[in-house]
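Enquirer: Supplied structure: entry_30.cif, mmCIF, C-alpha atoms.
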```
data_my_file
loop_
_atom_site.label_atom_id
_atom_site.label_comp_id
_atom_site.auth_asym_id
_atom_site.auth_seq_id
_atom_site.Cartn_x
_atom_site.Cartn_y
_atom_site.Cartn_z
CA MET A 1 9.65 -75.51 -23.44
CA SER A 2 8.25 -77.68 -26.22
CA THR A 3 7.99 -80.67 -23.87
CA ILE A 4 5.82 -78.66 -21.51
CA ALA A 5 3.64 -77.55 -24.40
CA THR A 6 2.92 -81.13 -25.41
CA GLU A 7 2.26 -82.24 -21.85
CA LEU A 8 -0.05 -79.41 -21.01
CA PRO A 9 -2.56 -78.32 -23.59
CA GLY A 10 -3.52 -74.74 -22.92
CA ALA A 11 -0.36 -74.09 -20.91
CA PHE A 12 0.26 -70.94 -22.91
CA ASP A 13 -3.20 -69.52 -22.47
CA PRO A 14 -2.26 -65.94 -21.62
CA HIS A 15 -5.24 -65.24 -19.40
CA ARG A 16 -4.38 -67.53 -16.56
CA LEU A 17 -3.79 -66.15 -13.16
CA GLY A 18 -5.13 -67.68 -10.02
CA HIS A 19 -7.66 -69.72 -11.96
CA ARG A 20 -8.21 -71.04 -15.40
CA GLY A 21 -10.77 -69.68 -17.81
CA ASP A 22 -13.82 -71.63 -18.84
CA GLY A 23 -11.86 -73.76 -21.30
CA PRO A 24 -12.40 -77.50 -21.64
CA GLU A 25 -9.51 -78.26 -19.26
CA ALA A 26 -10.76 -75.82 -16.60
CA ALA A 27 -12.12 -78.62 -14.46
CA ASP A 28 -8.80 -80.48 -14.40
CA HIS A 29 -6.83 -77.71 -12.78
CA GLY A 30 -7.44 -75.96 -9.52
CA PRO A 31 -6.15 -72.53 -8.61
CA ALA A 32 -2.50 -71.67 -9.27
CA PRO A 33 -0.05 -72.82 -6.60
CA LYS A 34 0.68 -70.41 -3.79
CA ARG A 35 4.20 -69.81 -5.11
CA ILE A 36 2.78 -68.15 -8.24
CA ILE A 37 0.00 -66.23 -6.44
CA VAL A 38 2.46 -64.84 -3.87
CA GLY A 39 5.05 -63.94 -6.49
CA TYR A 40 2.51 -62.22 -8.69
CA GLY A 41 0.99 -60.31 -5.77
CA PHE A 42 4.41 -59.10 -4.71
CA TRP A 43 5.18 -58.08 -8.29
CA ILE A 44 2.01 -55.95 -8.25
CA PHE A 45 3.19 -54.37 -4.98
CA LEU A 46 6.59 -53.59 -6.52
CA LEU A 47 4.94 -51.96 -9.53
CA SER A 48 2.79 -49.83 -7.22
CA ASP A 49 6.00 -48.89 -5.40
CA PHE A 50 7.44 -47.78 -8.76
CA VAL A 51 4.31 -45.67 -9.27
CA MET A 52 4.85 -44.06 -5.85
CA PHE A 53 8.48 -43.33 -6.72
CA SER A 54 7.37 -41.82 -10.02
CA GLY A 55 5.54 -39.17 -7.99
CA PHE A 56 8.75 -38.30 -6.16
CA PHE A 57 10.68 -38.31 -9.43
CA ALA A 58 8.10 -35.98 -10.97
CA ALA A 59 8.36 -33.62 -7.99
CA TYR A 60 12.15 -33.65 -8.15
CA SER A 61 12.22 -33.04 -11.91
CA VAL A 62 9.83 -30.10 -11.57
CA LEU A 63 11.69 -28.58 -8.60
CA SER A 64 15.29 -29.38 -9.54
CA THR A 65 15.94 -25.81 -10.69
CA SER A 66 14.09 -24.16 -7.75
CA THR A 67 17.18 -23.57 -5.64
CA ALA A 68 15.92 -20.34 -4.01
CA GLY A 69 19.31 -18.74 -4.57
CA GLY A 70 20.99 -21.65 -2.80
CA PRO A 71 23.39 -24.27 -4.15
CA SER A 72 22.38 -26.46 -7.09
CA GLY A 73 23.19 -30.10 -7.69
CA ARG A 74 26.30 -29.07 -9.58
CA ASP A 75 27.73 -27.46 -6.43
CA LEU A 76 26.69 -30.22 -4.02
CA PHE A 77 26.95 -33.65 -5.60
CA ASP A 78 30.09 -35.73 -5.24
CA ILE A 79 30.07 -38.05 -8.27
CA HIS A 80 32.92 -40.15 -6.87
CA ASN A 81 30.79 -41.00 -3.83
CA VAL A 82 27.80 -41.79 -6.05
CA ALA A 83 29.93 -44.13 -8.19
CA ILE A 84 30.96 -46.11 -5.10
CA GLU A 85 27.34 -46.24 -3.88
CA THR A 86 26.25 -47.52 -7.30
CA ALA A 87 28.96 -50.18 -7.32
CA CYS A 88 27.93 -51.33 -3.81
CA LEU A 89 24.27 -51.67 -4.74
CA LEU A 90 24.96 -53.42 -8.05
CA ALA A 91 27.31 -55.91 -6.40
CA SER A 92 24.74 -56.41 -3.64
CA SER A 93 22.07 -57.20 -6.24
CA PHE A 94 24.39 -59.74 -7.86
CA ALA A 95 25.17 -61.35 -4.48
CA CYS A 96 21.42 -61.61 -3.85
CA GLY A 97 21.10 -63.45 -7.17
CA MET A 98 23.84 -65.87 -6.09
CA ALA A 99 22.00 -66.39 -2.79
CA SER A 100 18.78 -67.21 -4.63
CA ILE A 101 20.62 -69.81 -6.74
CA ALA A 102 21.98 -71.35 -3.54
CA VAL A 103 18.44 -71.41 -2.12
CA GLU A 104 17.16 -73.11 -5.30
CA GLU A 105 19.80 -75.79 -4.72
CA ARG A 106 18.94 -75.95 -0.99
CA LYS A 107 22.50 -75.14 0.11
CA ALA A 108 21.91 -73.39 3.42
CA LEU A 109 25.49 -72.38 4.21
CA THR A 110 26.22 -70.98 0.74
CA ALA A 111 22.93 -69.08 0.82
CA GLN A 112 23.75 -67.60 4.23
CA LEU A 113 27.23 -66.55 3.08
CA TRP A 114 25.90 -64.81 -0.03
CA LEU A 115 23.21 -63.14 2.10
CA VAL A 116 25.94 -61.85 4.42
CA VAL A 117 27.73 -60.38 1.37
CA THR A 118 24.43 -58.87 0.16
CA ALA A 119 23.74 -57.31 3.55
CA ALA A 120 27.30 -55.99 3.94
CA LEU A 121 27.22 -54.28 0.55
CA GLY A 122 23.73 -52.90 1.21
CA LEU A 123 24.92 -51.56 4.56
CA SER A 124 27.97 -49.90 2.93
CA PHE A 125 25.61 -48.20 0.47
CA LEU A 126 23.44 -46.99 3.32
CA ILE A 127 26.40 -45.69 5.34
CA LEU A 128 27.70 -43.73 2.34
CA GLU A 129 24.25 -42.26 1.75
CA VAL A 130 23.66 -41.28 5.39
CA ASN A 131 27.15 -39.78 5.45
CA GLU A 132 26.32 -37.68 2.38
CA PHE A 133 23.04 -36.53 3.97
CA PHE A 134 24.70 -35.50 7.22
CA SER A 135 27.49 -33.61 5.48
CA LEU A 136 24.89 -31.74 3.40
CA ILE A 137 22.86 -30.87 6.50
CA ALA A 138 25.98 -29.86 8.44
CA ALA A 139 26.87 -27.42 5.66
CA GLY A 140 23.45 -25.78 6.00
CA ASN A 141 22.04 -27.48 2.90
CA GLY A 142 19.33 -29.49 4.63
CA PRO A 143 15.87 -30.18 3.22
CA GLN A 144 14.56 -26.80 4.44
CA ARG A 145 17.09 -24.84 2.36
CA SER A 146 15.20 -24.92 -0.96
CA ALA A 147 12.48 -26.78 -2.84
CA PHE A 148 15.23 -28.49 -4.81
CA LEU A 149 16.82 -29.86 -1.63
CA SER A 150 13.43 -30.82 -0.12
CA SER A 151 12.60 -32.94 -3.15
CA PHE A 152 16.15 -34.32 -3.27
CA PHE A 153 16.02 -35.51 0.35
CA THR A 154 12.51 -36.95 -0.11
CA LEU A 155 13.37 -38.92 -3.24
CA VAL A 156 16.81 -40.21 -2.26
CA GLY A 157 15.78 -40.63 1.39
CA CYS A 158 12.76 -42.72 0.37
CA HIS A 159 15.04 -45.03 -1.58
CA GLY A 160 17.37 -45.20 1.42
CA LEU A 161 14.40 -46.08 3.63
CA HIS A 162 13.54 -48.94 1.29
CA VAL A 163 17.12 -50.21 1.53
CA THR A 164 16.91 -50.03 5.33
CA VAL A 165 13.67 -52.03 5.37
CA GLY A 166 15.26 -54.51 2.95
CA LEU A 167 18.23 -54.96 5.30
CA LEU A 168 15.94 -55.63 8.29
CA TRP A 169 13.94 -58.07 6.17
CA MET A 170 17.14 -59.82 5.08
CA LEU A 171 18.47 -60.20 8.63
CA THR A 172 15.12 -61.59 9.84
CA MET A 173 15.08 -64.04 6.95
CA MET A 174 18.64 -65.19 7.65
CA ALA A 175 17.67 -65.93 11.25
CA GLN A 176 14.57 -67.85 10.09
CA LEU A 177 16.60 -69.77 7.52
CA PHE A 178 19.04 -70.69 10.28
CA SER A 179 16.38 -71.87 12.71
CA LYS A 180 13.72 -73.37 10.40
CA GLY A 181 15.57 -74.43 7.25
CA PHE A 182 13.95 -74.35 3.81
CA ALA A 183 10.28 -74.30 4.77
CA PRO A 184 7.87 -73.58 1.88
CA ASN A 185 6.75 -70.26 3.36
CA LEU A 186 10.37 -69.23 3.82
CA LEU A 187 11.10 -70.05 0.18
CA ARG A 188 8.20 -67.84 -0.94
CA ARG A 189 9.43 -65.09 1.37
CA PHE A 190 12.91 -65.39 -0.05
CA ARG A 191 11.62 -65.08 -3.60
CA CYS A 192 9.73 -61.90 -2.66
CA PHE A 193 12.81 -60.52 -0.96
CA SER A 194 15.05 -61.08 -3.97
CA LEU A 195 12.47 -59.35 -6.19
CA PHE A 196 12.40 -56.43 -3.74
CA TRP A 197 16.19 -56.14 -3.62
CA HIS A 198 16.61 -56.22 -7.42
CA ALA A 199 13.77 -53.69 -7.78
CA LEU A 200 15.59 -51.30 -5.43
CA ASP A 201 18.57 -51.47 -7.74
CA ILE A 202 16.33 -50.54 -10.69
CA ILE A 203 15.11 -47.48 -8.79
CA TRP A 204 18.69 -46.58 -7.95
CA VAL A 205 19.55 -46.59 -11.67
CA ALA A 206 16.87 -43.94 -12.15
CA VAL A 207 18.09 -42.02 -9.07
CA PHE A 208 21.74 -41.81 -10.04
CA THR A 209 20.82 -40.88 -13.61
CA VAL A 210 18.07 -38.32 -12.97
CA VAL A 211 19.37 -36.82 -9.73
CA TYR A 212 23.14 -37.06 -9.76
CA LEU A 213 24.39 -37.38 -13.34
CA ILE A 214 21.88 -34.99 -14.93
CA GLY A 215 22.25 -32.80 -11.80
CA VAL A 216 25.97 -32.23 -12.34
CA THR A 217 25.63 -31.62 -16.08
CA GLN A 218 23.08 -28.84 -15.62
CA MET B 1 -1.27 -78.98 -2.34
CA SER B 2 -0.24 -82.18 -4.07
CA ALA B 3 3.00 -82.65 -5.95
CA GLN B 4 0.93 -83.55 -9.00
CA HIS B 5 -0.81 -80.21 -8.83
CA GLU B 6 2.48 -78.30 -8.56
CA SER B 7 3.88 -80.10 -11.59
CA ASP B 8 0.76 -79.23 -13.60
CA TRP B 9 1.75 -75.60 -13.29
CA GLN B 10 5.25 -75.82 -14.66
CA GLY B 11 4.25 -73.76 -17.66
CA GLU B 12 3.46 -70.78 -15.42
CA LEU B 13 6.14 -68.53 -13.99
CA ALA B 14 6.02 -66.43 -10.87
CA PRO B 15 7.99 -63.17 -11.15
CA GLY B 16 11.61 -64.00 -10.38
CA ASP B 17 11.23 -67.59 -11.56
CA GLU B 18 13.66 -68.83 -14.09
CA ARG B 19 12.31 -70.99 -16.84
CA LYS B 20 12.62 -74.67 -16.06
CA ALA B 21 14.00 -75.35 -19.54
CA ASP B 22 17.16 -73.36 -18.89
CA SER B 23 17.55 -73.98 -15.19
CA GLY B 24 20.54 -75.69 -13.62
CA ALA B 25 23.23 -74.01 -11.60
CA SER B 26 25.67 -73.09 -14.34
CA SER B 27 23.12 -71.41 -16.60
CA GLY B 28 21.64 -69.53 -13.61
CA VAL B 29 25.03 -68.18 -12.57
CA ARG B 30 25.83 -67.38 -16.19
CA GLY B 31 22.62 -65.33 -16.48
CA TYR B 32 23.47 -63.29 -13.39
CA LEU B 33 27.07 -62.81 -14.56
CA LEU B 34 25.88 -61.63 -17.97
CA GLY B 35 23.46 -59.22 -16.28
CA LEU B 36 26.21 -57.95 -14.01
CA ALA B 37 28.62 -57.44 -16.92
CA LEU B 38 26.02 -55.53 -18.97
CA SER B 39 25.04 -53.41 -15.97
CA VAL B 40 28.67 -52.54 -15.19
CA LEU B 41 29.20 -51.61 -18.83
CA LEU B 42 26.11 -49.37 -18.95
CA THR B 43 26.85 -47.75 -15.57
CA ALA B 44 30.45 -47.06 -16.61
CA ALA B 45 29.18 -45.56 -19.87
CA SER B 46 26.78 -43.29 -17.94
CA PHE B 47 29.52 -42.03 -15.63
CA ALA B 48 31.98 -41.66 -18.54
CA VAL B 49 29.53 -39.63 -20.62
CA ILE B 50 29.29 -36.78 -18.10
CA GLY B 51 33.08 -36.35 -17.98
CA THR B 52 33.70 -36.40 -21.70
CA LYS B 53 34.20 -33.47 -24.02
CA LEU B 54 33.58 -35.64 -27.08
CA LEU B 55 29.82 -35.34 -27.02
CA TRP B 56 27.62 -32.40 -27.94
CA ALA B 57 26.58 -31.10 -24.51
CA PRO B 58 22.76 -30.98 -25.04
CA GLY B 59 22.90 -34.62 -26.19
CA ILE B 60 24.32 -35.85 -22.88
CA PRO B 61 20.98 -36.09 -20.98
CA VAL B 62 19.56 -38.06 -23.92
CA ALA B 63 22.50 -40.47 -23.79
CA LEU B 64 22.06 -40.81 -20.00
CA GLY B 65 18.35 -41.57 -20.46
CA VAL B 66 19.09 -44.23 -23.06
CA PHE B 67 21.71 -45.90 -20.83
CA ALA B 68 19.36 -45.81 -17.82
CA VAL B 69 16.43 -47.37 -19.69
CA ALA B 70 18.74 -50.02 -21.15
CA GLN B 71 20.11 -50.85 -17.70
CA MET B 72 16.62 -51.12 -16.21
CA GLY B 73 15.80 -53.55 -19.01
CA VAL B 74 18.93 -55.57 -18.23
CA HIS B 75 17.96 -55.73 -14.55
CA LEU B 76 14.41 -56.82 -15.38
CA VAL B 77 15.50 -59.58 -17.74
CA PHE B 78 18.61 -60.96 -16.03
CA PHE B 79 17.86 -60.34 -12.34
CA LEU B 80 14.07 -60.36 -12.03
CA HIS B 81 13.64 -62.83 -14.95
CA ILE B 82 10.80 -60.83 -16.45
CA ASN B 83 11.16 -61.66 -20.13
CA SER B 84 9.03 -62.10 -23.21
CA GLY B 85 8.43 -65.83 -22.71
CA PRO B 86 4.87 -67.01 -23.36
CA ASP B 87 4.43 -68.08 -19.71
CA ASN B 88 5.37 -64.62 -18.47
CA THR B 89 2.41 -62.83 -20.04
CA ASN B 90 0.67 -61.77 -16.84
CA ASN B 91 3.88 -60.34 -15.39
CA ILE B 92 4.57 -58.42 -18.59
CA LEU B 93 1.01 -57.06 -18.72
CA ALA B 94 1.28 -55.78 -15.14
CA LEU B 95 4.68 -54.26 -15.93
CA ALA B 96 3.30 -52.55 -19.03
CA PHE B 97 0.51 -51.00 -16.98
CA GLY B 98 3.00 -49.85 -14.31
CA VAL B 99 5.27 -48.31 -16.95
CA MET B 100 2.29 -46.53 -18.48
CA VAL B 101 1.30 -44.95 -15.14
CA VAL B 102 4.92 -43.95 -14.42
CA VAL B 103 5.30 -42.32 -17.84
CA ILE B 104 2.00 -40.45 -17.49
CA VAL B 105 2.83 -39.18 -13.99
CA ILE B 106 6.35 -37.97 -14.82
CA SER B 107 5.86 -36.58 -18.32
CA GLY B 108 2.45 -35.15 -17.41
CA SER B 109 3.86 -33.33 -14.36
CA LEU B 110 6.75 -31.88 -16.34
CA TRP B 111 4.48 -30.81 -19.19
CA ILE B 112 1.84 -29.16 -16.98
CA MET B 113 4.35 -27.46 -14.69
CA SER B 114 6.37 -26.04 -17.57
CA HIS B 115 3.17 -24.57 -19.04
CA LEU B 116 2.22 -23.08 -15.68
CA ASN B 117 5.68 -21.58 -15.28
CA HIS B 118 5.47 -20.19 -18.79
CA ASN B 119 2.03 -18.60 -18.26
CA MET B 120 2.62 -17.26 -14.76
CA MET B 121 3.27 -13.57 -14.36
CA PRO B 122 6.90 -12.96 -13.30
CA MET B 123 7.17 -12.58 -9.54
CA ASN B 124 8.45 -8.97 -9.58
CA LYS B 125 5.46 -7.79 -11.66
CA LEU B 126 3.14 -9.60 -9.29
CA THR B 127 4.55 -7.74 -6.27
CA ASP B 128 4.35 -4.45 -8.19
CA LEU B 129 0.62 -5.06 -8.66
CA HIS B 130 0.23 -5.67 -4.95
CA LEU B 131 1.99 -2.41 -4.14
CA GLN B 132 -0.30 -0.41 -6.48
CA HIS B 133 -3.46 -1.38 -4.61
#
```
In structure tokens, write the structure found in this file.

Expert:
Amino acid sequence: MSTIATELPGAFDPHRLGHRGDGPEAADHGPAPKRIIVGYGFWIFLLSDFVMFSGFFAAYSVLSTSTAGGPSGRDLFDIHNVAIETACLLASSFACGMASIAVEERKALTAQLWLVVTAALGLSFLILEVNEFFSLIAAGNGPQRSAFLSSFFTLVGCHGLHVTVGLLWMLTMMAQLFSKGFAPNLLRRFRCFSLFWHALDIIWVAVFTVVYLIGVTQ
Amino acid sequence: MSAQHESDWQGELAPGDERKADSGASSGVRGYLLGLALSVLLTAASFAVIGTKLLWAPGIPVALGVFAVAQMGVHLVFFLHINSGPDNTNNILALAFGVMVVVIVISGSLWIMSHLNHNMMPMNKLTDLHLQH
């Protein structure tokens, strides 16, 4: 880092995004490269997604005891299933990290293979989750049973929807990587995707803690 | 966009960027492996805590919360590469604002709703009142 500091006076100016301030070197540098603008914009989107999820988490936390005489989380949740889902998503996040290293090194085949692993693990997570939802609904514990179950299906279903969108995004990107190679726009897209996929894992940490683990201890 | 221009910006990091100083395949893989190991450890601890009889029961949700926050931190640092480096300031500032909104929304909702529940007349008394009129 010290070499960069000596090469670039003002490189650590904290107020730089998109453009420099009015400092003496402002004229020497144009706007930030697209890579940084796109990454930062997507980071802002992810944070706003976290804010949206916080609304669902708040609703769930408020309503988690409103079971309307129906079953509570303690009766319904299968912790074994949740542990497997968690393992799938964590391994998927790691595989996505390996894919992004392969992309950094411009190794198309390795990247594709890791993306296949990422997608397969994400799909296993989704299948387990859909399976859980259908068995709950089949037993008469659908979202219309109680406020607790409504908020449960909304929160966990919204995360599942994000995973579904992520899977579609990943498959599209694999096809584009196959046909176009490492184009600059594809590299930016890939960076955004890996941020998205890791962020979903962060939300899942909150879901399995707040919904499932605290749910079965209550 | 010229190559010269791109290289001028090496001090700045997009979210998800690794720092150039510690790039290179082996260190990248090592970072992800370390993140994975820590996450597995914290997840296993979370799932172990709910099965154990060793802990005082009311302390379990606190332990779960601590493990969850720690794991989110691990994910942010090792997977999203959001860390405290000087060139990451904008990303950290945005994150801090996001965390603030999340905390306000969740803790505020719980606080207000528990007060409302506390102050609301019990439902059976409410129906009694309706029957009297």

Enquirer: For each of A:Arg35, A:Lys180, A:Lys107, A:His159, take the minimum atom-to-atom distance to chain B, counting only C-alpha atoms, then give the residue where this is smallest.

Expert: A:Arg35

Enquirer: I'd like the interatomic distance between CA of Ser124 (chain A) and CA of Phe57 (chain A), to a tenth of an Å.

Expert: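 Those two atoms sit 24.2 Å apart.
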
Enquirer: Hey, what's within 7 Å of Ile36 (chain A) if we count all atoms listed in the file and toss same-chain stuff fewer than 3 positions away? As a PDB file with C-alpha atoms, in the coordinates of the input, please?

Expert:
```pdb
ATOM      1  CA  ALA A  32      -2.500 -71.670  -9.270  1.00  0.00           C
ATOM      2  CA  PRO A  33      -0.050 -72.820  -6.600  1.00  0.00           C
ATOM      3  CA  GLY A  39       5.050 -63.940  -6.490  1.00  0.00           C
ATOM      4  CA  TYR A  40       2.510 -62.220  -8.690  1.00  0.00           C
TER       5      TYR A  40
ATOM      6  CA  LEU B  13       6.140 -68.530 -13.990  1.00  0.00           C
ATOM      7  CA  ALA B  14       6.020 -66.430 -10.870  1.00  0.00           C
TER       8      ALA B  14
END
```

Enquirer: For the provided coordinates, the residues matched by the PyMOL selection byres ((chain A and resi 211) around 9) should be stated as a list in words.

Expert: Phe57, Tyr60, Ser61, Ser64, Gly73, Phe152, Val156, Ala206, Val207, Phe208, Thr209, Val210, Tyr212, Leu213, Ile214, Gly215 and Val216 of chain A

Enquirer: Grab the CA of Thr43 (chain B) to CA of Phe45 (chain A) distance for me, in Å with one decimal place.

Expert: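 These two atoms are separated by 26.8 Å.
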
Enquirer: Closest to chain B among A:Glu132, A:Glu85, A:Glu105, A:Asp78, using all atoms listed in the file?

Expert: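 Closest to chain B, using all atoms listed in the file: A:Glu105.
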
Enquirer: Do you have the CA of Ile37 (chain A)-CA of Ala183 (chain A) distance handy?

Expert: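 Taking CA of Ile37 (chain A) and CA of Ala183 (chain A), their separation equals 17.2 Å.
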
Enquirer: Kindly output region 92-115 of chain A as a tab-separated table (two decimals), in the frame of the given file, after building N, CA and C atoms.

Expert:
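Result went into selection_23.tsv, see below:
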```tsv
chain	number	residue	atom	x	y	z
A	92	SER	N	25.67	-55.84	-4.61
A	92	SER	CA	24.74	-56.41	-3.64
A	92	SER	C	23.62	-57.15	-4.36
A	93	SER	N	23.13	-56.57	-5.46
A	93	SER	CA	22.07	-57.20	-6.24
A	93	SER	C	22.57	-58.52	-6.82
A	94	PHE	N	23.81	-58.51	-7.31
A	94	PHE	CA	24.39	-59.74	-7.86
A	94	PHE	C	24.53	-60.80	-6.77
A	95	ALA	N	25.01	-60.40	-5.59
A	95	ALA	CA	25.17	-61.35	-4.48
A	95	ALA	C	23.82	-61.94	-4.08
A	96	CYS	N	22.76	-61.12	-4.15
A	96	CYS	CA	21.42	-61.61	-3.85
A	96	CYS	C	21.01	-62.67	-4.87
A	97	GLY	N	21.38	-62.44	-6.14
A	97	GLY	CA	21.10	-63.45	-7.17
A	97	GLY	C	21.81	-64.76	-6.88
A	98	MET	N	23.09	-64.66	-6.44
A	98	MET	CA	23.84	-65.87	-6.09
A	98	MET	C	23.17	-66.59	-4.92
A	99	ALA	N	22.69	-65.78	-3.95
A	99	ALA	CA	22.00	-66.39	-2.79
A	99	ALA	C	20.75	-67.12	-3.25
A	100	SER	N	20.02	-66.54	-4.22
A	100	SER	CA	18.78	-67.21	-4.63
A	100	SER	C	19.09	-68.49	-5.39
A	101	ILE	N	20.23	-68.54	-6.10
A	101	ILE	CA	20.62	-69.81	-6.74
A	101	ILE	C	20.94	-70.85	-5.67
A	102	ALA	N	21.65	-70.42	-4.62
A	102	ALA	CA	21.98	-71.35	-3.54
A	102	ALA	C	20.71	-71.85	-2.85
A	103	VAL	N	19.70	-70.98	-2.72
A	103	VAL	CA	18.44	-71.41	-2.12
A	103	VAL	C	17.74	-72.42	-3.02
A	104	GLU	N	17.76	-72.16	-4.35
A	104	GLU	CA	17.16	-73.11	-5.30
A	104	GLU	C	17.79	-74.50	-5.13
A	105	GLU	N	19.11	-74.51	-4.87
A	105	GLU	CA	19.80	-75.79	-4.72
A	105	GLU	C	19.78	-76.29	-3.29
A	106	ARG	N	19.08	-75.56	-2.40
A	106	ARG	CA	18.94	-75.95	-0.99
A	106	ARG	C	20.30	-76.08	-0.29
A	107	LYS	N	21.21	-75.16	-0.58
A	107	LYS	CA	22.50	-75.14	0.11
A	107	LYS	C	22.45	-74.03	1.14
A	108	ALA	N	22.18	-74.39	2.39
A	108	ALA	CA	21.91	-73.39	3.42
A	108	ALA	C	23.14	-72.52	3.71
A	109	LEU	N	24.30	-73.14	3.82
A	109	LEU	CA	25.49	-72.38	4.21
A	109	LEU	C	25.88	-71.39	3.11
A	110	THR	N	25.89	-71.87	1.86
A	110	THR	CA	26.22	-70.98	0.74
A	110	THR	C	25.24	-69.82	0.69
A	111	ALA	N	23.95	-70.13	0.85
A	111	ALA	CA	22.93	-69.08	0.82
A	111	ALA	C	23.20	-68.04	1.91
A	112	GLN	N	23.50	-68.52	3.13
A	112	GLN	CA	23.75	-67.60	4.23
A	112	GLN	C	24.96	-66.72	3.93
A	113	LEU	N	26.02	-67.33	3.37
A	113	LEU	CA	27.23	-66.55	3.08
A	113	LEU	C	26.95	-65.47	2.06
A	114	TRP	N	26.23	-65.82	0.98
A	114	TRP	CA	25.90	-64.81	-0.03
A	114	TRP	C	24.99	-63.74	0.56
A	115	LEU	N	24.09	-64.14	1.47
A	115	LEU	CA	23.21	-63.14	2.10
A	115	LEU	C	24.03	-62.18	2.97
```
